[in-house]
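File shown: query-v9.cif. Contents: mmCIF, C-alpha atoms and all ligand atoms.
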data_final
#
loop_
_atom_site.label_atom_id
_atom_site.label_comp_id
_atom_site.auth_asym_id
_atom_site.auth_seq_id
_atom_site.Cartn_x
_atom_site.Cartn_y
_atom_site.Cartn_z
CA MET A 196 0.00 0.00 0.00
CA ASN A 197 1.41 3.34 -1.02
CA ALA A 198 -1.02 6.02 0.03
CA SER A 199 -1.52 8.73 2.62
CA TYR A 200 -4.08 11.27 3.74
CA HIS A 201 -2.52 13.62 1.13
CA ASP A 202 -4.36 11.69 -1.55
CA GLY A 203 -7.72 12.49 0.04
CA GLU A 204 -9.08 9.08 -0.90
CA PRO A 205 -12.36 8.11 0.75
CA ALA A 206 -11.99 6.06 3.91
CA VAL A 207 -14.04 2.90 4.32
CA VAL A 208 -15.49 2.71 7.84
CA THR A 209 -16.62 -0.73 8.99
CA ALA A 210 -18.78 -1.23 12.07
CA ALA A 211 -18.17 -4.49 13.95
CA LEU A 212 -21.45 -4.63 15.81
CA THR A 213 -21.53 -7.80 17.90
CA GLY A 214 -18.58 -10.17 17.65
CA GLY A 215 -18.26 -13.71 18.89
CA VAL A 216 -16.40 -13.34 22.17
CA HIS A 217 -18.07 -11.03 24.69
CA GLY A 218 -21.68 -9.87 24.87
CA LYS A 219 -24.08 -7.83 26.94
CA GLU A 220 -22.28 -8.92 30.12
CA ALA A 221 -19.42 -6.66 28.96
CA ASN A 222 -21.54 -3.81 27.62
CA PRO A 223 -25.35 -3.93 27.72
CA ASN A 224 -25.49 -1.78 24.57
CA LEU A 225 -23.95 -4.54 22.45
CA PRO A 226 -26.62 -5.82 20.04
CA GLU A 227 -27.30 -9.57 20.09
CA THR A 228 -30.76 -10.29 18.67
CA PRO A 229 -31.46 -9.86 14.94
CA ALA A 230 -33.69 -6.85 15.70
CA GLU A 231 -31.02 -5.21 17.85
CA ILE A 232 -28.35 -5.86 15.23
CA GLY A 233 -30.56 -4.39 12.50
CA GLU A 234 -31.18 -1.29 14.56
CA ALA A 235 -27.47 -0.89 15.33
CA ALA A 236 -26.57 -1.33 11.65
CA ALA A 237 -29.01 1.41 10.66
CA ALA A 238 -27.56 3.82 13.21
CA CYS A 239 -24.01 3.03 12.07
CA GLU A 240 -24.92 3.51 8.42
CA LEU A 241 -26.29 6.94 9.29
CA ALA A 242 -23.09 7.70 11.22
CA GLY A 243 -20.87 6.85 8.23
CA ALA A 244 -20.28 3.09 8.16
CA SER A 245 -20.51 1.59 4.69
CA VAL A 246 -19.77 -1.98 5.86
CA VAL A 247 -21.23 -3.87 8.81
CA HIS A 248 -19.35 -6.91 10.11
CA LEU A 249 -21.88 -9.41 11.44
CA HIS A 250 -21.96 -12.30 13.88
CA ALA A 251 -25.08 -14.16 15.01
CA ARG A 252 -26.15 -15.05 18.54
CA ARG A 253 -28.80 -17.20 20.19
CA GLU A 254 -31.52 -15.49 22.22
CA ASN A 255 -29.38 -15.82 25.37
CA GLY A 256 -26.38 -14.16 23.70
CA GLU A 257 -24.43 -17.38 23.05
CA ARG A 258 -22.76 -17.89 19.68
CA ALA A 259 -24.71 -19.10 16.66
CA PHE A 260 -23.28 -20.20 13.32
CA SER A 261 -26.30 -21.62 11.51
CA THR A 262 -27.32 -20.31 8.12
CA ASP A 263 -30.80 -19.83 9.59
CA ARG A 264 -29.66 -17.51 12.33
CA PHE A 265 -27.39 -15.54 9.97
CA GLN A 266 -30.32 -15.28 7.58
CA GLN A 267 -32.42 -13.72 10.35
CA VAL A 268 -29.64 -11.27 11.15
CA ALA A 269 -29.02 -10.39 7.49
CA ASP A 270 -32.75 -9.94 6.83
CA ALA A 271 -33.07 -7.63 9.84
CA VAL A 272 -30.07 -5.58 8.71
CA ARG A 273 -31.31 -5.28 5.11
CA GLU A 274 -34.75 -4.31 6.37
CA ALA A 275 -33.40 -1.60 8.68
CA THR A 276 -30.69 -0.11 6.45
CA ASP A 277 -30.57 1.69 3.14
CA ASP A 278 -27.63 0.23 1.21
CA VAL A 279 -25.03 -0.91 3.73
CA ILE A 280 -22.61 -3.70 2.73
CA LEU A 281 -22.96 -6.92 4.74
CA GLN A 282 -19.83 -8.75 5.81
CA HIS A 283 -20.46 -12.07 7.57
CA SER A 284 -17.92 -13.46 10.00
CA THR A 285 -16.57 -16.96 9.40
CA GLY A 286 -14.54 -16.88 12.62
CA GLY A 287 -15.44 -19.29 15.40
CA THR A 288 -12.93 -20.65 17.89
CA ALA A 289 -13.72 -24.30 18.69
CA ALA A 290 -16.68 -24.49 16.32
CA PRO A 291 -16.51 -27.32 13.75
CA GLU A 292 -15.39 -26.25 10.27
CA ASP A 293 -18.72 -27.23 8.69
CA ARG A 294 -20.45 -24.83 11.07
CA ARG A 295 -18.13 -21.98 10.18
CA ILE A 296 -19.03 -22.25 6.51
CA GLU A 297 -22.76 -21.84 7.21
CA PRO A 298 -22.75 -18.01 7.42
CA LEU A 299 -21.75 -17.93 3.73
CA ARG A 300 -24.91 -19.77 2.70
CA THR A 301 -27.56 -17.10 3.25
CA ASP A 302 -29.80 -16.02 0.39
CA PRO A 303 -28.59 -13.70 -1.00
CA PRO A 304 -25.03 -14.29 0.13
CA PRO A 305 -23.28 -11.41 1.88
CA GLU A 306 -21.17 -9.17 -0.35
CA MET A 307 -18.20 -9.77 1.93
CA ALA A 308 -16.99 -12.23 4.56
CA SER A 309 -14.05 -12.41 6.93
CA LEU A 310 -11.31 -14.98 6.40
CA ASP A 311 -8.96 -15.63 9.34
CA MET A 312 -5.47 -16.20 7.94
CA GLY A 313 -3.97 -18.40 10.64
CA PRO A 314 -4.13 -19.78 14.16
CA LEU A 315 -4.93 -17.75 17.24
CA ASN A 316 -5.17 -18.59 20.93
CA ARG A 317 -8.23 -17.98 23.08
CA TYR A 318 -8.32 -18.29 26.86
CA ASP A 319 -5.74 -20.72 28.27
CA HIS A 320 -6.72 -23.88 26.46
CA LEU A 321 -8.33 -23.05 23.09
CA THR A 322 -6.85 -22.32 19.69
CA SER A 323 -8.70 -21.39 16.55
CA GLU A 324 -6.60 -23.40 14.11
CA ASN A 325 -7.50 -21.90 10.75
CA THR A 326 -5.29 -24.31 8.85
CA ARG A 327 -4.23 -23.43 5.29
CA ALA A 328 -6.52 -26.15 4.01
CA PHE A 329 -9.49 -24.61 5.83
CA VAL A 330 -8.58 -21.08 4.69
CA ASP A 331 -8.58 -22.37 1.10
CA ARG A 332 -11.87 -24.23 1.63
CA LEU A 333 -13.61 -21.15 3.03
CA HIS A 334 -12.13 -18.98 0.31
CA GLY A 335 -13.25 -21.42 -2.41
CA GLU A 336 -16.82 -21.29 -1.14
CA MET A 337 -16.69 -17.49 -0.95
CA ARG A 338 -15.57 -17.22 -4.56
CA GLU A 339 -18.25 -19.68 -5.73
CA ARG A 340 -20.85 -17.44 -4.13
CA GLY A 341 -19.34 -14.17 -5.36
CA ILE A 342 -18.34 -13.09 -1.85
CA THR A 343 -15.31 -10.82 -1.40
CA PRO A 344 -13.02 -11.95 1.41
CA GLU A 345 -11.53 -9.62 3.97
CA LEU A 346 -8.22 -11.26 4.91
CA GLU A 347 -7.86 -11.12 8.71
CA VAL A 348 -4.19 -10.65 9.56
CA PHE A 349 -3.90 -11.09 13.32
CA ASN A 350 -0.08 -10.86 13.44
CA ASP A 351 3.17 -10.86 11.44
CA GLY A 352 3.00 -14.60 10.91
CA HIS A 353 -0.44 -14.20 9.38
CA LEU A 354 1.03 -11.57 7.08
CA ASN A 355 3.43 -14.22 5.76
CA GLU A 356 0.48 -16.59 5.42
CA THR A 357 -1.44 -13.91 3.54
CA LEU A 358 1.38 -13.22 1.09
CA ALA A 359 1.63 -16.95 0.37
CA PHE A 360 -2.17 -17.14 0.03
CA LEU A 361 -2.13 -14.27 -2.49
CA ASP A 362 0.45 -16.21 -4.51
CA ARG A 363 -1.59 -19.40 -4.60
CA ALA A 364 -5.20 -18.22 -4.61
CA ASP A 365 -7.33 -16.85 -7.38
CA THR A 366 -8.81 -14.11 -5.24
CA THR A 367 -10.43 -10.73 -5.64
CA ASP A 368 -8.63 -7.61 -6.82
CA PRO A 369 -7.61 -5.60 -4.92
CA PRO A 370 -6.94 -7.93 -2.02
CA TYR A 371 -8.40 -6.45 1.17
CA LEU A 372 -6.26 -7.02 4.26
CA ASN A 373 -7.39 -6.28 7.78
CA LEU A 374 -4.43 -5.71 10.15
CA ILE A 375 -5.29 -6.47 13.77
CA PHE A 376 -3.60 -5.00 16.85
CA GLY A 377 -4.18 -5.76 20.52
CA GLY A 378 -3.19 -8.40 23.08
CA GLY A 379 -2.77 -12.17 22.89
CA THR A 380 -2.10 -13.56 19.42
CA THR A 381 -2.68 -10.23 17.69
CA SER A 382 0.08 -7.83 16.70
CA PRO A 383 1.43 -5.75 19.58
CA PRO A 384 -0.42 -2.44 19.28
CA SER A 385 1.58 0.57 18.18
CA PRO A 386 1.52 3.01 15.29
CA ARG A 387 5.12 2.08 14.54
CA ARG A 388 4.22 -1.60 14.24
CA LEU A 389 1.38 -0.69 11.90
CA LEU A 390 3.78 1.25 9.68
CA ALA A 391 6.17 -1.72 9.67
CA HIS A 392 3.34 -4.06 8.61
CA LEU A 393 2.48 -1.73 5.74
CA ASP A 394 6.00 -2.15 4.33
CA ASP A 395 5.13 -5.79 3.70
CA VAL A 396 1.66 -5.29 2.25
CA PRO A 397 1.52 -5.50 -1.55
CA ASP A 398 1.05 -2.08 -3.23
CA ARG A 399 -2.13 -3.22 -4.94
CA ALA A 400 -3.85 -4.13 -1.65
CA GLU A 401 -6.33 -2.06 0.32
CA VAL A 402 -5.81 -2.10 4.07
CA ASN A 403 -8.26 -1.99 6.94
CA VAL A 404 -7.16 -1.76 10.59
CA ILE A 405 -8.58 -3.01 13.90
CA GLY A 406 -7.34 -2.12 17.37
CA PHE A 407 -8.79 -3.99 20.33
CA GLY A 408 -9.85 -2.17 23.49
CA PRO A 409 -8.01 1.08 24.18
CA HIS A 410 -5.98 0.61 21.00
CA GLN A 411 -9.01 1.05 18.74
CA LEU A 412 -8.80 4.82 18.45
CA PRO A 413 -4.99 5.20 18.10
CA VAL A 414 -4.38 2.52 15.47
CA THR A 415 -7.48 3.21 13.37
CA THR A 416 -6.56 6.91 13.36
CA THR A 417 -3.03 6.01 12.26
CA SER A 418 -4.55 3.94 9.49
CA LEU A 419 -6.59 6.91 8.29
CA LEU A 420 -3.41 9.04 8.21
CA VAL A 421 -1.53 6.56 6.07
CA GLY A 422 -4.33 6.02 3.58
CA GLY A 423 -5.90 2.93 5.13
CA HIS A 424 -9.41 2.22 6.32
CA ALA A 425 -10.85 1.75 9.80
CA ARG A 426 -13.01 -0.76 11.64
CA VAL A 427 -14.56 0.22 14.95
CA GLY A 428 -17.42 -1.08 17.08
CA LEU A 429 -18.36 -2.88 20.25
CA GLU A 430 -17.00 -6.20 18.98
CA ASP A 431 -13.51 -4.75 19.29
CA ASN A 432 -13.89 -2.20 22.07
CA CYS A 433 -16.61 -1.64 24.67
CA TYR A 434 -15.46 1.80 25.81
CA TYR A 435 -15.70 5.30 24.40
CA ARG A 436 -12.79 6.37 26.57
CA ARG A 437 -11.11 4.99 29.69
CA GLY A 438 -13.76 4.18 32.31
CA GLU A 439 -16.65 5.29 30.09
CA PRO A 440 -18.55 2.47 28.36
CA ALA A 441 -19.66 3.27 24.81
CA THR A 442 -23.35 4.00 24.53
CA SER A 443 -23.65 2.38 21.11
CA ASN A 444 -21.77 1.16 18.07
CA ALA A 445 -22.83 4.33 16.28
CA GLN A 446 -21.08 6.47 18.89
CA LEU A 447 -17.76 4.83 17.94
CA VAL A 448 -18.48 5.10 14.21
CA GLU A 449 -19.41 8.78 14.54
CA ARG A 450 -16.10 9.60 16.20
CA THR A 451 -14.07 7.79 13.55
CA ALA A 452 -16.06 9.36 10.71
CA GLU A 453 -15.43 12.78 12.19
CA ILE A 454 -11.70 12.11 12.57
CA ALA A 455 -11.48 10.90 8.97
CA GLU A 456 -13.18 14.04 7.69
CA GLN A 457 -10.96 16.23 9.88
CA LEU A 458 -7.89 14.52 8.44
CA GLY A 459 -9.03 15.16 4.88
CA ARG A 460 -10.34 11.67 4.24
CA PRO A 461 -13.97 11.84 3.18
CA VAL A 462 -15.95 8.92 4.56
CA ALA A 463 -16.68 6.48 1.74
CA THR A 464 -20.26 6.04 0.65
CA THR A 465 -21.41 2.50 0.00
CA ALA A 466 -20.97 3.11 -3.76
CA GLU A 467 -17.42 4.36 -3.19
CA THR A 468 -16.65 1.38 -0.97
CA ARG A 469 -17.91 -1.01 -3.65
CA SER A 470 -15.65 0.73 -6.16
CA ILE A 471 -12.58 0.83 -3.84
CA LEU A 472 -12.91 -2.83 -2.87
CA GLY A 473 -14.06 -4.07 -6.28
CA LEU A 474 -17.27 -5.59 -4.92
CA MET B 71 -18.47 -34.27 31.11
CA ALA B 72 -21.19 -32.40 29.29
CA GLU B 73 -22.45 -29.29 31.03
CA CYS B 74 -20.29 -27.82 33.80
CA PRO B 75 -21.65 -28.32 37.33
CA HIS B 76 -20.73 -24.69 38.07
CA LEU B 77 -22.92 -23.35 35.26
CA GLU B 78 -26.17 -21.56 36.12
CA TYR B 79 -28.53 -19.50 34.00
CA ARG B 80 -29.49 -16.23 35.64
CA GLU B 81 -31.27 -13.06 34.71
CA THR B 82 -29.75 -11.04 37.53
CA ALA B 83 -26.50 -10.89 39.46
CA GLY B 84 -25.32 -7.88 41.41
CA GLU B 85 -26.24 -4.83 39.40
CA GLN B 86 -26.57 -6.68 36.10
CA THR B 87 -30.00 -7.63 34.81
CA PHE B 88 -30.92 -9.22 31.48
CA GLU B 89 -34.22 -10.00 29.77
CA THR B 90 -33.09 -13.52 28.89
CA ALA B 91 -31.26 -15.73 31.40
CA ARG B 92 -27.55 -15.92 30.60
CA ALA B 93 -24.70 -18.28 31.43
CA TYR B 94 -23.30 -17.53 34.88
CA CYS B 95 -20.28 -19.17 36.51
CA ALA B 96 -20.74 -19.92 40.19
CA VAL B 97 -16.95 -20.20 40.67
CA ALA B 98 -15.99 -16.92 39.03
CA ASP B 99 -19.17 -15.32 40.38
CA GLU B 100 -19.93 -13.56 37.13
CA PHE B 101 -21.72 -13.89 33.82
CA VAL B 102 -19.46 -15.66 31.36
CA GLN B 103 -18.55 -14.52 27.87
CA PRO B 104 -20.61 -16.14 25.11
CA MET B 105 -17.48 -17.78 23.68
CA ARG B 106 -16.69 -19.33 27.05
CA ALA B 107 -20.31 -20.43 27.44
CA ASP B 108 -19.61 -22.97 24.68
CA ILE B 109 -17.14 -24.61 27.09
CA CYS B 110 -19.56 -24.37 30.03
CA THR B 111 -22.29 -26.11 28.01
CA GLY B 112 -19.94 -28.73 26.56
CA ARG B 113 -20.85 -27.61 23.05
CA TYR B 114 -18.72 -28.67 20.05
CA GLY B 115 -17.05 -31.38 22.13
CA LEU B 116 -15.55 -28.88 24.56
CA ALA B 117 -15.15 -30.01 28.17
CA PRO B 118 -14.85 -27.80 31.26
CA SER B 119 -12.32 -30.21 32.81
CA GLU B 120 -10.07 -29.88 29.75
CA ASP B 121 -10.77 -26.49 28.29
CA CYS B 122 -11.66 -24.12 31.15
CA GLU B 123 -8.88 -22.76 33.34
CA ILE B 124 -11.44 -21.57 35.91
CA TYR B 125 -12.82 -25.11 36.30
CA ARG B 126 -9.32 -26.60 36.45
CA GLU B 127 -8.11 -24.15 39.09
CA ALA B 128 -11.22 -24.75 41.20
CA ALA B 129 -10.70 -28.52 40.94
CA ALA B 130 -7.02 -28.19 41.89
CA ASP B 131 -7.91 -26.09 44.95
CA ARG B 132 -10.24 -28.72 46.32
S1 LIG C 1 -16.51 -20.73 33.35
FE1 LIG C 1 -15.54 -22.75 33.61
S2 LIG C 1 -15.94 -23.28 35.75
FE2 LIG C 1 -17.34 -21.62 35.25
S3 LIG C 1 -19.24 -22.62 34.56
FE3 LIG C 1 -18.00 -22.28 32.73
S4 LIG C 1 -16.82 -24.16 32.45
FE4 LIG C 1 -17.59 -24.16 34.55
#

Show this structure as structure tokens.
Amino acid sequence: MNASYHDGEPAVVTAALTGGVHGKEANPNLPETPAEIGEAAAACELAGASVVHLHARRENGERAFSTDRFQQVADAVREATDDVILQHSTGGTAAPEDRRIEPLRTDPPPEMASLDMGPLNRYDHLTSENTRAFVDRLHGEMRERGITPELEVFNDGHLNETLAFLDRADTTDPPYLNLIFGGGTTSPPSPRRLLAHLDDVPDRAEVNVIGFGPHQLPVTTTSLLVGGHARVGLEDNCYYRRGEPATSNAQLVERTAEIAEQLGRPVATTAETRSILGL
Amino acid sequence: MAECPHLEYRETAGEQTFETARAYCAVADEFVQPMRADICTGRYGLAPSEDCEIYREAAADR
């Protein structure tokens, strides 16, 4: 990637509304039911998000992977929003691989889906393996269904995996990489580390950035400065600032949209996002 | 082991209240994350005695 805020290119803002790790026990404003997720998506679209990253939950907040439940979520989001781009998660620590493919099988399929590029640890005893064979299997099904993958790069090792994947896979152009910063298996969070990652990203790629917890604002803002895109939302961060829980996903999107505009990066419309990402 | 013996479903604990009862760990004394609830319920072949550090520490302390 070879851009900066100087170019004034539109910034794609993605809202990660729900996630698959924590829930309302962490922040009661996190949407879990299809109706809540639809409502949150509509508010985020109004605030400037052109993409919504979606997970599904059971009524009690526990994780759901079935096509049926994703269909309910997707229907609620389409009903509540104008033209927002749906991105289904295919992540799912400990869930069987056949389950993790199910979110791709809604009708219509989502325009985008996440693709985790390698293993990551959860808690003390779990690992989401994401073997190369499974990455290729998920990717194959995405391409059959016309779904654009967002390549989830949790650390430097995943960046190597991604470069090798781009060599072997017949994937979309431009490739869309999502660089992830935080604790655990993710890249250690710092603007400097983000810049170092960018040195290894192919020039033709578009880059999105996630920062978990208190790192959300600093690393997504750095991304906007260097010509990248930004993902924010309660999946990645439950707080607006230290000690102050976020009141909604839209509150986080609004702040990032405002920062982008202030930095000379107009917030991408859904049409611009489709053009930038080749959807 | 299927479901963890420490698992309860509660609507209220302390100051937290939910419309639908959620997974609550009687050892940690708190509502558990949805991802961890898959261990508590023994879903996907997960087992508290293998996969949950809270269960294992509680068992070791006994
Ligand atoms: S968190 Fe661990 S100890 Fe607590 S209920 Fe779940 S499996 Fe059991």

Interface list for chain A, partner chain B, 9 Å threshold, only C-alpha atoms, as number ranges by chain: A: 215-221, 223, 252, 254-258, 287-291, 318-321

Shell of 6 Å around ligand LIG 1 (chain C) (all atoms listed in the file), written as an MDAnalysis selection string: chainID B and resid 74 76:77 95 97 109:110 118 122 124:125

Separation of atom CA of Leu472 of chain A from atom CA of Leu310 of chain A, in Å and rounded to one decimal: 15.4 Å

How would you write as an mmCIF file with C-alpha atoms, in the coordinates of the input the residues that get within 8 Å of (5.4, -10.0, 16.7) in the file's frame, counting all atoms listed in the file?
data_model
loop_
_atom_site.group_PDB
_atom_site.id
_atom_site.type_symbol
_atom_site.label_atom_id
_atom_site.label_comp_id
_atom_site.auth_asym_id
_atom_site.auth_seq_id
_atom_site.Cartn_x
_atom_site.Cartn_y
_atom_site.Cartn_z
ATOM 1 C CA ASN A 350 -0.080 -10.860 13.440
ATOM 2 C CA ASP A 351 3.170 -10.860 11.440
ATOM 3 C CA GLY A 352 3.000 -14.600 10.910
ATOM 4 C CA SER A 382 0.080 -7.830 16.700
ATOM 5 C CA PRO A 383 1.430 -5.750 19.580
#

Atom CA of Leu429 of chain A to atom CA of Ile232 of chain A, straight-line distance in Å: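 Result for atom CA of Ile232 of chain A versus atom CA of Leu429 of chain A: 11.6 Å, one decimal.
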
Atom CA of Leu333 of chain A to atom CA of Ala244 of chain A, straight-line distance in Å: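 Distance reported for this atom pair: 25.7 Å.
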
Residue with smallest distance to Thr322 of chain A - pool A:Gly379, A:Val348, A:Thr366, A:Ala275, counting only C-alpha atoms: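 Counting only C-alpha atoms, the residue closest to Thr322 of chain A is A:Gly379.
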
Provide segment 75-97 of chain B rebuilt to N, CA, C and O atoms, formatted as a compact mmCIF listing (two decimals), keeping the file's coordinate frame.
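File result_29.txt, as written:
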# COMPACT_ATOMS: atom_id res chain seq x y z
N PRO B 75 -20.82 -28.40 36.12
CA PRO B 75 -21.65 -28.32 37.33
C PRO B 75 -21.68 -26.91 37.93
O PRO B 75 -22.56 -26.61 38.74
N HIS B 76 -20.76 -26.06 37.54
CA HIS B 76 -20.73 -24.69 38.07
C HIS B 76 -21.58 -23.72 37.25
O HIS B 76 -21.66 -22.54 37.57
N LEU B 77 -22.16 -24.23 36.16
CA LEU B 77 -22.92 -23.35 35.26
C LEU B 77 -24.35 -23.14 35.77
O LEU B 77 -25.03 -24.10 36.15
N GLU B 78 -24.77 -21.90 35.80
CA GLU B 78 -26.17 -21.56 36.12
C GLU B 78 -26.66 -20.63 35.03
O GLU B 78 -25.86 -20.00 34.34
N TYR B 79 -27.97 -20.54 34.88
CA TYR B 79 -28.53 -19.50 34.00
C TYR B 79 -29.29 -18.52 34.87
O TYR B 79 -30.16 -18.91 35.63
N ARG B 80 -28.90 -17.26 34.78
CA ARG B 80 -29.49 -16.23 35.64
C ARG B 80 -29.89 -15.02 34.82
O ARG B 80 -29.24 -14.70 33.82
N GLU B 81 -30.90 -14.34 35.31
CA GLU B 81 -31.27 -13.06 34.71
C GLU B 81 -30.61 -11.90 35.45
O GLU B 81 -30.45 -10.82 34.90
N THR B 82 -30.28 -12.13 36.70
CA THR B 82 -29.75 -11.04 37.53
C THR B 82 -28.56 -11.52 38.35
O THR B 82 -28.54 -12.66 38.82
N ALA B 83 -27.60 -10.67 38.51
CA ALA B 83 -26.50 -10.89 39.46
C ALA B 83 -25.92 -9.53 39.77
O ALA B 83 -25.57 -8.78 38.86
N GLY B 84 -25.81 -9.21 41.04
CA GLY B 84 -25.32 -7.88 41.41
C GLY B 84 -26.17 -6.82 40.75
O GLY B 84 -27.40 -6.85 40.83
N GLU B 85 -25.50 -5.92 40.05
CA GLU B 85 -26.24 -4.83 39.40
C GLU B 85 -26.64 -5.16 37.97
O GLU B 85 -27.26 -4.34 37.30
N GLN B 86 -26.26 -6.34 37.49
CA GLN B 86 -26.57 -6.68 36.10
C GLN B 86 -27.89 -7.43 35.99
O GLN B 86 -28.11 -8.40 36.72
N THR B 87 -28.72 -6.98 35.06
CA THR B 87 -30.00 -7.63 34.81
C THR B 87 -30.20 -7.79 33.31
O THR B 87 -29.91 -6.86 32.54
N PHE B 88 -30.69 -8.96 32.90
CA PHE B 88 -30.92 -9.22 31.48
C PHE B 88 -32.33 -9.77 31.28
O PHE B 88 -32.88 -10.42 32.17
N GLU B 89 -32.87 -9.51 30.08
CA GLU B 89 -34.22 -10.00 29.77
C GLU B 89 -34.23 -11.52 29.66
O GLU B 89 -35.20 -12.18 30.02
N THR B 90 -33.18 -12.08 29.07
CA THR B 90 -33.09 -13.52 28.89
C THR B 90 -31.98 -14.05 29.80
O THR B 90 -30.91 -13.45 29.87
N ALA B 91 -32.26 -15.17 30.48
CA ALA B 91 -31.26 -15.73 31.40
C ALA B 91 -29.98 -16.07 30.63
O ALA B 91 -30.03 -16.59 29.52
N ARG B 92 -28.84 -15.72 31.25
CA ARG B 92 -27.55 -15.92 30.60
C ARG B 92 -26.67 -16.85 31.43
O ARG B 92 -26.89 -17.04 32.63
N ALA B 93 -25.64 -17.37 30.77
CA ALA B 93 -24.70 -18.28 31.43
C ALA B 93 -23.95 -17.53 32.53
O ALA B 93 -23.39 -16.45 32.29
N TYR B 94 -23.93 -18.14 33.71
CA TYR B 94 -23.30 -17.53 34.88
C TYR B 94 -22.43 -18.59 35.53
O TYR B 94 -22.83 -19.74 35.70
N CYS B 95 -21.20 -18.22 35.88
CA CYS B 95 -20.28 -19.17 36.51
C CYS B 95 -20.28 -18.97 38.01
O CYS B 95 -19.93 -17.89 38.50
N ALA B 96 -20.66 -20.03 38.73
CA ALA B 96 -20.74 -19.92 40.19
C ALA B 96 -19.35 -19.87 40.84
O ALA B 96 -19.22 -19.44 41.98
N VAL B 97 -18.31 -20.29 40.12
CA VAL B 97 -16.95 -20.20 40.67
C VAL B 97 -16.41 -18.79 40.49
O VAL B 97 -15.94 -18.17 41.45
